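A.B. asks: Take a look at the following structure, please.
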Amino acid sequence: MSDTRSVTATAEDAVAVTPPIRPARRSPALRRRLELTVLLTPPLLLFIGFVLLPIGIAAYYGLYKWTGFGPLTNFAGLANYKIALTDPAFQQAILHNVIIAVLSLVIQIPISIAVALLLNRGIRGRSVLRLLVFAPYVLSQAITGVMWLLILQPGGFADQLMQAVGLGSFVQLWLANLNIVLYTMFVVLTWQFIGFGIILLVAGLQGIPVELGEAAALDGASGWQTTRRITLPLLGPTIRILIFLSIVGSLQVFDVVWIMTGGGPAGASSTMATYLIQSGFRSYEFGYGSAVAVIMFIVCFVFALVYQRFVLRRDTRGALTRAVG
Amino acid sequence: MRSIRKHAAITLAATAALTLAACSSSGSSATSSSTGNKHVTLTWWNNATTGYLRTVWTQAAAAYHTAHPNVTIKSEPFQNEAFTTKVPAALAGSNPPDIYQQWGSGQEATQVPSGKLTDLTPYTSSWIGQLGVAANAWQVDGKQYGVPYDLHTVGFWYRKDLFTKAGITSPPTTMTELNADIAKLKTANITPIGVGSKDRWPDAFWWEYFAVRECSTATLKAAIKADNLSAPCFVKAGNDLKAFMATNPFQKGFLGTPAQLGAGSSAGMVANGKAAMELQGDWDPGTMTPLTANKNLNAQLGWFPFPAVAGGAGSPTTALGGGDGFTCTTGAAEPACADFLKYLDTPAVQTKVVAANVGLPANPAAASALTLPAMQSVQQYNQAAPFIQVYFDIAMPTNVGQTLDTAIANFFAGQATPQSIITTVNQAAKTQ
């Protein structure tokens, strides 16, 4: 958008400076409009048809008690929303999403930053390490889920490995213990997604001019001081984006959990999305499922808006002023 | 095929659900409503996406076309799990497929109000008796809306060699004997029973079989009809299960064990001799084979029905099971469609269905094609059963059935009581 606007401004300035000859004035405007129409219409139609419309339809379905068959006749108002929000199973699922989000912030992101700082140094085999760190992210979540399901079976690879290195007493029923299974899920999710965060941060680090660090070193700053006072602040925008992606990802967790536990045992690892599929679609409760989907959408959307408004504003405003000015 | 259906959940359900609208377009292309001399094309949604059954269906469609040149059958296989969302979408639309996969009972009854299911009774009444009582599961209010092509029965698959090792001479016929055998197996350091609780539906088999043994046939029928489990025998079933589970018959960490995925699954454990038995459907030998390098497996596998429960009102010959079938929709050329379903139940096709190892034949005339000796025992038990109780989650309306599965799974995890299972299910039935 910003680009288009700057183009607009330039063109209008040009028009203002040149003598007002009618055809010359009309044709760039027409061309502009034509360009806009041709370029924007298809994505706009796609966006309306596949994003806005389904959200609207889901909101509409969510007002009905509907099995998926026949016309929507059984209007339920906000009953579906009320049932969902008062269902302990759904509350538990929301809590699990929040726990995963908090753990991502407290554990996953600091580790990502540490590893990224390490990988940004001139160590041997750096590119191989980067590749290794990023590799799990390339796997499909279905494969990750099945793989870890097999690894974590009682007496499976994970248990044997722990016994071999003398950690046998820490072996747990990773997927069967109701108090542990959610944290097992978090470990698997971290294994899969931490590479993405690291690569993002490494890219951010490479955008920081080396001279700043060198100048600081000349002034007698220690490595830690340089990192804390120069590198991390300059990495701020990347970290803020990473936090945003982590939280949105945590709110939407589905595939890995669904494959490994189906949200069980007894809902101990459920998330909003597994609840949605189980209580909505698998039970032929399409109206109810739609209502849950809308709740999930609102949670994510409100978070995104608030975060954009209060946290990312600084970063995006910078970008906008530069483009427009 | 239930096995695959239950287990391949993964993302398909999600994607299919989210693209409802996009999915519903490939419907019927029947060009006329009567067979006459006009040419008709029947679109056929089935779940044979891979394996030998797919070949069997392709051949059947071709053979039927050769015999009836004016009827073309267009087979469109879909992943099993996709049917959960594709069928409702198609029935809600104006252009459903002419023939689609049908598991009968409550799920079928949920679909009938759409008005899109053909009442096949006039076409099937002359021959459906050959299939025995099992075909009744595809009736709603006495009308035949679907026709099965294979049947399933749940029972114990056990390792004869491990039983012998533990000093068990013959399979148990009562719960007392089963409990004694479990003790013997434990003494011999063998995990007595494997169960795939991660997938939830194997848990349900346990509760359901106790219910089938505790409740009389009349009580079962009435409960399913009214979607109400208030009869005292259902709480007794839960109590039986509770007492049974207190003896710790299952493998360690069973709550996280999948039913069929990998050597560590419950099927894999039995196949590899890590557990002595499991309560599963007749598809189990087919599931086990790829999970082990044990070439002797088929000879080592035996089968016995769920034991009698002392004091229960149910007969020990009543079976828990189900099956796979097809339904014709109202847009289809009805006589041709019904005739095709009849053709699928002829011994010629049924023999091939049995060879595909997907279940017991719907037509008992093809039973001789069952090669595994243990499968013959299953077939005999199925045929002798005075009543076959369809899996509760299929027999009841879908949302109630799913609630029951969840409640039983919670019970296995120690998060529900025999009474709370009943309360939850009755509540779900009331609000539906």
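Convention: chains lettered A, B, ... in structure tokens order; per-chain residue numbering from 1; ligands numbered from 1 as shown.
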Considering only C-alpha atoms, give me a table of residues in chain B that are at most 9 Å from chain A, with the closest atom pair and distance in Å for each, as JSON lines.
C.D. replies:
{"residue": "B:Ala8", "atom": "CA", "partner": "A:Ile259", "partner_atom": "CA", "distance": 8.9}
{"residue": "B:Ala9", "atom": "CA", "partner": "A:Ile259", "partner_atom": "CA", "distance": 7.8}
{"residue": "B:Ile10", "atom": "CA", "partner": "A:Ile259", "partner_atom": "CA", "distance": 5.8}
{"residue": "B:Thr11", "atom": "CA", "partner": "A:Asp255", "partner_atom": "CA", "distance": 6.6}
{"residue": "B:Ala13", "atom": "CA", "partner": "A:Ile277", "partner_atom": "CA", "distance": 7.5}
{"residue": "B:Ala14", "atom": "CA", "partner": "A:Ile277", "partner_atom": "CA", "distance": 6.8}
{"residue": "B:Ala17", "atom": "CA", "partner": "A:Phe281", "partner_atom": "CA", "distance": 7.1}
{"residue": "B:Leu18", "atom": "CA", "partner": "A:Pro54", "partner_atom": "CA", "distance": 8.7}
{"residue": "B:Thr84", "atom": "CA", "partner": "A:Arg282", "partner_atom": "CA", "distance": 6.9}
{"residue": "B:Thr85", "atom": "CA", "partner": "A:Phe281", "partner_atom": "CA", "distance": 7.3}
{"residue": "B:Pro88", "atom": "CA", "partner": "A:Gly68", "partner_atom": "CA", "distance": 5.4}
{"residue": "B:Ala89", "atom": "CA", "partner": "A:Gly68", "partner_atom": "CA", "distance": 6.6}
{"residue": "B:Ala90", "atom": "CA", "partner": "A:Phe69", "partner_atom": "CA", "distance": 8.7}
{"residue": "B:Leu91", "atom": "CA", "partner": "A:Phe69", "partner_atom": "CA", "distance": 6.4}
{"residue": "B:Ala92", "atom": "CA", "partner": "A:Gly70", "partner_atom": "CA", "distance": 4.8}
{"residue": "B:Gly93", "atom": "CA", "partner": "A:Gly70", "partner_atom": "CA", "distance": 8.0}
{"residue": "B:Thr110", "atom": "CA", "partner": "A:Phe69", "partner_atom": "CA", "distance": 8.5}
{"residue": "B:Gln111", "atom": "CA", "partner": "A:Phe69", "partner_atom": "CA", "distance": 7.1}
{"residue": "B:Pro113", "atom": "CA", "partner": "A:Gly70", "partner_atom": "CA", "distance": 8.0}
{"residue": "B:Ser114", "atom": "CA", "partner": "A:Gly70", "partner_atom": "CA", "distance": 5.6}
{"residue": "B:Gly115", "atom": "CA", "partner": "A:Gly70", "partner_atom": "CA", "distance": 8.7}
{"residue": "B:Ser197", "atom": "CA", "partner": "A:Pro265", "partner_atom": "CA", "distance": 8.0}
{"residue": "B:Lys198", "atom": "CA", "partner": "A:Thr261", "partner_atom": "CA", "distance": 5.9}
{"residue": "B:Asp199", "atom": "CA", "partner": "A:Gly262", "partner_atom": "CA", "distance": 7.3}
{"residue": "B:Arg200", "atom": "CA", "partner": "A:Gly264", "partner_atom": "CA", "distance": 8.7}
{"residue": "B:Lys252", "atom": "CA", "partner": "A:Pro154", "partner_atom": "CA", "distance": 7.2}
{"residue": "B:Gly253", "atom": "CA", "partner": "A:Ala176", "partner_atom": "CA", "distance": 5.3}
{"residue": "B:Phe254", "atom": "CA", "partner": "A:Ala176", "partner_atom": "CA", "distance": 6.7}
{"residue": "B:Leu255", "atom": "CA", "partner": "A:Ala176", "partner_atom": "CA", "distance": 4.7}
{"residue": "B:Gly256", "atom": "CA", "partner": "A:Ala176", "partner_atom": "CA", "distance": 4.4}
{"residue": "B:Thr257", "atom": "CA", "partner": "A:Gln153", "partner_atom": "CA", "distance": 7.1}
{"residue": "B:Pro258", "atom": "CA", "partner": "A:Thr261", "partner_atom": "CA", "distance": 8.5}
{"residue": "B:Leu261", "atom": "CA", "partner": "A:Leu150", "partner_atom": "CA", "distance": 8.3}
{"residue": "B:Gly262", "atom": "CA", "partner": "A:Leu150", "partner_atom": "CA", "distance": 7.0}
{"residue": "B:Ala263", "atom": "CA", "partner": "A:Leu150", "partner_atom": "CA", "distance": 8.5}
{"residue": "B:Gly264", "atom": "CA", "partner": "A:Gln153", "partner_atom": "CA", "distance": 6.6}
{"residue": "B:Ser265", "atom": "CA", "partner": "A:Gln153", "partner_atom": "CA", "distance": 8.6}
{"residue": "B:Pro397", "atom": "CA", "partner": "A:Ser283", "partner_atom": "CA", "distance": 8.8}
{"residue": "B:Thr398", "atom": "CA", "partner": "A:Ser283", "partner_atom": "CA", "distance": 5.4}
{"residue": "B:Asn399", "atom": "CA", "partner": "A:Ser283", "partner_atom": "CA", "distance": 4.2}
{"residue": "B:Val400", "atom": "CA", "partner": "A:Ser283", "partner_atom": "CA", "distance": 7.7}
{"residue": "B:Gly401", "atom": "CA", "partner": "A:Ser283", "partner_atom": "CA", "distance": 7.9}
{"residue": "B:Gln402", "atom": "CA", "partner": "A:Ser283", "partner_atom": "CA", "distance": 5.8}
{"residue": "B:Thr403", "atom": "CA", "partner": "A:Ser283", "partner_atom": "CA", "distance": 8.0}
{"residue": "B:Thr406", "atom": "CA", "partner": "A:Ala266", "partner_atom": "CA", "distance": 7.6}
{"residue": "B:Ala407", "atom": "CA", "partner": "A:Ala266", "partner_atom": "CA", "distance": 8.4}
{"residue": "B:Ala409", "atom": "CA", "partner": "A:Ala266", "partner_atom": "CA", "distance": 6.4}
{"residue": "B:Asn410", "atom": "CA", "partner": "A:Ala266", "partner_atom": "CA", "distance": 4.5}
{"residue": "B:Phe411", "atom": "CA", "partner": "A:Ala266", "partner_atom": "CA", "distance": 8.0}
{"residue": "B:Phe412", "atom": "CA", "partner": "A:Ala266", "partner_atom": "CA", "distance": 8.3}
{"residue": "B:Ala413", "atom": "CA", "partner": "A:Ala266", "partner_atom": "CA", "distance": 6.0}
{"residue": "B:Gly414", "atom": "CA", "partner": "A:Ala266", "partner_atom": "CA", "distance": 8.4}
{"residue": "B:Gln415", "atom": "CA", "partner": "A:Ala266", "partner_atom": "CA", "distance": 6.7}
{"residue": "B:Gln432", "atom": "CA", "partner": "A:Lys65", "partner_atom": "CA", "distance": 8.4}
A.B. asks: So that I can see what lies close to Gly314 (chain B), please list as a list in words the residues with an atom at most 8 Å from it, counting only C-alpha atoms and leaving out residues fewer than 5 positions away in the same chain.
C.D. replies: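 The residues that qualify are Val212, Arg213, Glu214, Cys215, Ser216 and Thr217 of chain B.
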A.B. asks: Could you tell me, as a ChimeraX atom specification, which residues of region 79-218 of chain B DSSP assigns to strand (DSSP E) when given the backbone?
C.D. replies: /B:99-102,139-140,143-144,147-159,191-193
A.B. asks: Near region 79-84 of chain A, counting only C-alpha atoms, which residues have an atom at most 10 Å away, once you skip same-chain residues fewer than 3 positions from it, shown as a list in words?
C.D. replies: Gly62, Leu63, Tyr64, Lys65, Phe75, Ala76, Asp87, Pro88, Ala89, Phe90, Gln91, Tyr275, Leu276, Ser279, Gly287, Tyr288, Gly289, Ser290, Ala291, Val292, Val294 and Ile295 of chain A
A.B. asks: Generate the output file for the selected residues, N, CA, C and O atoms, as a short mmCIF file (atom, residue, chain, number, x, y, z; two decimals), in the first residue's frame.
C.D. replies:
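Once written, again.cif looks like this:
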data_model
loop_
_atom_site.label_atom_id
_atom_site.label_comp_id
_atom_site.auth_asym_id
_atom_site.auth_seq_id
_atom_site.Cartn_x
_atom_site.Cartn_y
_atom_site.Cartn_z
N GLY A 62 -22.48 -20.61 13.30
CA GLY A 62 -22.29 -20.70 14.74
C GLY A 62 -23.53 -20.31 15.52
O GLY A 62 -23.65 -20.60 16.71
N LEU A 63 -24.47 -19.65 14.85
CA LEU A 63 -25.70 -19.23 15.52
C LEU A 63 -26.77 -20.31 15.50
O LEU A 63 -27.85 -20.14 16.04
N TYR A 64 -26.45 -21.43 14.81
CA TYR A 64 -27.47 -22.48 14.66
C TYR A 64 -27.02 -23.77 15.30
O TYR A 64 -25.83 -24.03 15.45
N LYS A 65 -28.01 -24.58 15.65
CA LYS A 65 -27.73 -25.95 16.05
C LYS A 65 -27.86 -26.74 14.76
O LYS A 65 -28.95 -26.88 14.20
N PHE A 75 -32.42 -22.20 14.97
CA PHE A 75 -31.66 -21.02 15.41
C PHE A 75 -31.40 -21.10 16.91
O PHE A 75 -32.31 -21.36 17.69
N ALA A 76 -30.15 -20.92 17.28
CA ALA A 76 -29.81 -21.09 18.69
C ALA A 76 -29.25 -19.81 19.30
O ALA A 76 -28.89 -19.79 20.47
N ASP A 87 -17.93 -24.86 28.93
CA ASP A 87 -17.51 -26.26 28.94
C ASP A 87 -16.11 -26.37 29.55
O ASP A 87 -15.15 -25.81 29.02
N PRO A 88 -15.98 -27.11 30.66
CA PRO A 88 -14.66 -27.24 31.30
C PRO A 88 -13.61 -27.78 30.33
O PRO A 88 -12.44 -27.39 30.41
N ALA A 89 -14.04 -28.65 29.40
CA ALA A 89 -13.08 -29.22 28.45
C ALA A 89 -12.49 -28.13 27.55
O ALA A 89 -11.31 -28.15 27.21
N PHE A 90 -13.34 -27.14 27.17
CA PHE A 90 -12.85 -26.07 26.30
C PHE A 90 -11.98 -25.10 27.10
O PHE A 90 -10.95 -24.63 26.62
N GLN A 91 -12.40 -24.84 28.34
CA GLN A 91 -11.58 -23.97 29.19
C GLN A 91 -10.20 -24.57 29.40
O GLN A 91 -9.18 -23.88 29.34
N TYR A 275 -9.96 -29.53 20.25
CA TYR A 275 -11.33 -29.50 20.78
C TYR A 275 -12.32 -29.21 19.66
O TYR A 275 -13.38 -29.83 19.56
N LEU A 276 -11.95 -28.27 18.81
CA LEU A 276 -12.81 -27.88 17.69
C LEU A 276 -13.10 -29.08 16.79
O LEU A 276 -14.25 -29.35 16.44
N SER A 279 -15.05 -32.00 19.14
CA SER A 279 -16.42 -31.71 19.58
C SER A 279 -17.26 -31.13 18.46
O SER A 279 -18.48 -31.15 18.53
N GLY A 287 -22.58 -26.65 13.58
CA GLY A 287 -22.91 -25.34 14.12
C GLY A 287 -22.04 -25.02 15.32
O GLY A 287 -21.43 -23.95 15.42
N TYR A 288 -21.93 -25.99 16.22
CA TYR A 288 -21.13 -25.80 17.42
C TYR A 288 -19.66 -25.62 17.06
O TYR A 288 -18.99 -24.71 17.57
N GLY A 289 -19.18 -26.47 16.14
CA GLY A 289 -17.79 -26.37 15.71
C GLY A 289 -17.49 -24.99 15.14
O GLY A 289 -16.43 -24.40 15.41
N SER A 290 -18.43 -24.46 14.36
CA SER A 290 -18.23 -23.13 13.78
C SER A 290 -18.12 -22.08 14.87
O SER A 290 -17.28 -21.18 14.79
N ALA A 291 -18.96 -22.21 15.90
CA ALA A 291 -18.91 -21.25 17.00
C ALA A 291 -17.54 -21.29 17.69
O ALA A 291 -16.93 -20.25 17.97
N VAL A 292 -17.03 -22.52 17.91
CA VAL A 292 -15.71 -22.66 18.53
C VAL A 292 -14.65 -22.03 17.62
O VAL A 292 -13.74 -21.33 18.08
N VAL A 294 -15.04 -19.60 15.58
CA VAL A 294 -15.14 -18.14 15.66
C VAL A 294 -14.47 -17.63 16.95
O VAL A 294 -13.74 -16.63 16.93
N ILE A 295 -14.68 -18.35 18.04
CA ILE A 295 -14.03 -17.95 19.30
C ILE A 295 -12.51 -17.97 19.13
O ILE A 295 -11.81 -17.03 19.50
#
A.B. asks: To one decimal place, how far is CA of Ala275 (chain B) from CA of Lys242 (chain B) in Å?
C.D. replies: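 Computing it gives 20.9 Å between the two atoms.
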